[in-house]
Amino acid sequence: GWRYSKDCEVKLEWNNLIIQTEGYKNSILKMVSDIELDNNKEGTITVVYTKQIREEKGVFISGEHQLLKSITSKINSYLTYHALQKTISQLQVSNNTKIERDNNKDEVANWLKHQDLSDDEIDELLKVKIDFKKGETIFKQGAIASYIILLSSGLSKNYVEGNFDKGFNFKIIKPMSFIGLSSVYGKNIYAFSGSALTKCTAYLIDIHTFKSVASNNPAFTKRLLNWYCDTTQGHLARMSSIANKQALGRLAETIIYLSEDIFNGDIITTNVSRKDIAELAAMSTESAVRFLSDLKKDKIIEITTSSIKILKKNVLTLLSNN
């Protein structure tokens, strides 16, 4: 909690709503955290001390900053969940009257057939489709996990939110991927966040519907287990890399991962930002930019305003081993 709770007051501003404690007054002894929805500022929470605090390390210590960040994160998660629920309800109504052909849905349905699902099961899973803009939050860490997400087009990223805007981007998601399976039989919350790297389309599958389909279709469940095991092994390999490899080796490995697993070629587009690359390699953005510049000088990669191109993959592979 707050060190001096008797002298601590708070004000919440959201849209046209202002809620504040009885003793709140403007003070220079304050800290502010933004309330956001889809990366857009919706309001603020302001915490103040109403009496002078004499501290060598500052008025608010790191634990208090983290507490406010945690409170704001919970509010952001609720707003994201509430907005998503509203969107889903609207889509369910519109989908009941929609008869136009959906080519993307046909492609997804065909893929699901190859996952041993019947036409009736596919219809159950593909009831709610949502389009996401670049940068938009798809689901929020800590929010109630009511849905499994099936990404059908675009690229998204999964990341663990950390302290003070630090995060760990642990996977780039390609189309025809289920997201959130760890919430099906575990805790009923999302253990990480997901956001759109490009314009994305996703199907939101009610978690109870998903459980029902999986429990009645052993062949589909076996595919899910195989996929989940492969994913877990991939995460363990990433952890080993972070623990044992030097920074340059991690960056080289990340570039190869993006090239081979995500873009299927030697060109990595700017859909994946320098910050994304840095988080995948578990380093600061500044360090990643510096290493990329060094690789460019050595003509191992080519960097333009729109892409990173691998010129000497054999050298990059050697670097990735250390």
# chains A, B, ... in the order shown; residues from 1 in each chain; ligands from 1
>>> select_by_dssp(residues="stretch 145-303 of chain A", states="helix (DSSP H, G or I)", output="JSON, numbers by chain")
{"A": [163, 164, 165, 181, 182, 183, 207, 208, 209, 210, 211, 212, 213, 214, 215, 218, 219, 220, 221, 222, 223, 224, 225, 226, 227, 228, 229, 230, 231, 232, 233, 234, 235, 236, 237, 238, 239, 240, 241, 242, 243, 244, 247, 248, 249, 250, 251, 252, 253, 254, 255, 256, 257, 258, 259, 260, 261, 262, 274, 275, 276, 277, 278, 279, 280, 285, 286, 287, 288, 289, 290, 291, 292, 293, 294, 295, 296, 297]}
>>> select_by_dssp(residues="stretch 84-238 of chain A", states="strand (DSSP E)", output="ChimeraX atom specification")
/A:129-132,137-139,147-153,156-161,167-173,177-179,193-196,200-206
>>> closest_residue(among="A:Arg290, A:His235, A:Lys133, A:Lys222", to="A:Gln115", atoms="only C-alpha atoms")
A:Lys222
>>> residues_around(residues="A:Val59", least_positions_apart="6", cutoff="12 Å", atoms="only C-alpha atoms", output="mmCIF file with N, CA and C atoms, in the first residue's frame")
data_model
loop_
_atom_site.group_PDB
_atom_site.id
_atom_site.type_symbol
_atom_site.label_atom_id
_atom_site.label_comp_id
_atom_site.auth_asym_id
_atom_site.auth_seq_id
_atom_site.Cartn_x
_atom_site.Cartn_y
_atom_site.Cartn_z
ATOM 1 N N TRP A 2 0.212 2.363 0.302
ATOM 2 C CA TRP A 2 0.912 3.642 0.335
ATOM 3 C C TRP A 2 1.577 3.822 1.697
ATOM 4 N N ARG A 3 2.763 4.370 1.725
ATOM 5 C CA ARG A 3 3.510 4.506 2.977
ATOM 6 C C ARG A 3 2.801 5.435 3.961
ATOM 7 N N TYR A 4 2.231 6.513 3.428
ATOM 8 C CA TYR A 4 1.560 7.493 4.286
ATOM 9 C C TYR A 4 0.088 7.553 3.883
ATOM 10 N N CYS A 8 -2.774 10.348 1.943
ATOM 11 C CA CYS A 8 -2.852 9.991 0.519
ATOM 12 C C CYS A 8 -4.288 10.143 0.015
ATOM 13 N N SER A 27 -1.788 19.050 -5.833
ATOM 14 C CA SER A 27 -0.512 19.069 -5.136
ATOM 15 C C SER A 27 0.601 18.747 -6.112
ATOM 16 N N ILE A 28 1.775 19.287 -5.833
ATOM 17 C CA ILE A 28 2.931 18.934 -6.665
ATOM 18 C C ILE A 28 3.471 17.559 -6.268
ATOM 19 N N LEU A 29 3.017 17.064 -5.116
ATOM 20 C CA LEU A 29 3.441 15.735 -4.650
ATOM 21 C C LEU A 29 2.480 14.703 -5.227
ATOM 22 N N LYS A 30 2.635 14.430 -6.506
ATOM 23 C CA LYS A 30 1.655 13.578 -7.181
ATOM 24 C C LYS A 30 2.334 12.632 -8.165
ATOM 25 N N MET A 31 1.603 11.589 -8.507
ATOM 26 C CA MET A 31 1.969 10.739 -9.640
ATOM 27 C C MET A 31 0.690 10.402 -10.393
ATOM 28 N N VAL A 47 -2.675 10.253 -7.918
ATOM 29 C CA VAL A 47 -2.485 10.013 -6.489
ATOM 30 C C VAL A 47 -1.616 11.134 -5.938
ATOM 31 N N VAL A 48 -2.051 11.741 -4.823
ATOM 32 C CA VAL A 48 -1.287 12.850 -4.242
ATOM 33 C C VAL A 48 -1.071 12.611 -2.749
ATOM 34 N N TYR A 49 0.009 13.186 -2.246
ATOM 35 C CA TYR A 49 0.182 13.335 -0.809
ATOM 36 C C TYR A 49 -0.177 14.775 -0.465
ATOM 37 N N THR A 50 -1.046 14.949 0.512
ATOM 38 C CA THR A 50 -1.545 16.291 0.847
ATOM 39 C C THR A 50 -0.649 17.020 1.836
ATOM 40 N N LYS A 51 0.327 16.328 2.403
ATOM 41 C CA LYS A 51 1.276 16.950 3.311
ATOM 42 C C LYS A 51 2.690 16.739 2.789
ATOM 43 N N GLN A 52 3.574 17.638 3.159
ATOM 44 C CA GLN A 52 4.954 17.564 2.695
ATOM 45 C C GLN A 52 5.616 16.267 3.162
ATOM 46 N N ILE A 53 6.255 15.582 2.213
ATOM 47 C CA ILE A 53 6.980 14.349 2.514
ATOM 48 C C ILE A 53 8.457 14.587 2.243
ATOM 49 N N HIS A 65 4.809 3.373 -7.183
ATOM 50 C CA HIS A 65 4.618 3.511 -8.635
ATOM 51 C C HIS A 65 4.066 2.215 -9.221
#
>>> closest_residue(among="A:Leu319, A:Lys113, A:Val32, A:Gly23", to="A:Leu295", atoms="only C-alpha atoms")
A:Leu319
>>> residues_around(residues="stretch 194-196 of chain A", least_positions_apart="2", cutoff="7 Å", atoms="only C-alpha atoms", output="JSON, numbers by chain")
{"A": [132, 133, 134, 135, 136, 137, 138, 139, 140, 155, 156, 157, 158, 159, 192, 198, 199, 200]}
>>> atom_distance(atom1="atom CA of A:Ala214", atom2="atom CA of A:Ile173")
21.9 Å
>>> residues_around(residues="A:Lys313", least_positions_apart="2", cutoff="12 Å", atoms="only C-alpha atoms", output="list in words")
Ala252, Glu253, Ile255, Ile256, Tyr257, Ser259, Glu260, Gly265, Asp266, Ile267, Leu295, Lys299, Ile300, Ile301, Glu302, Lys309, Ile310, Leu311, Val315, Leu316, Thr317, Leu318, Leu319 and Ser320 of chain A
>>> atom_distance(atom1="atom CA of A:Ile303", atom2="atom CA of A:Asp261")
19.7 Å
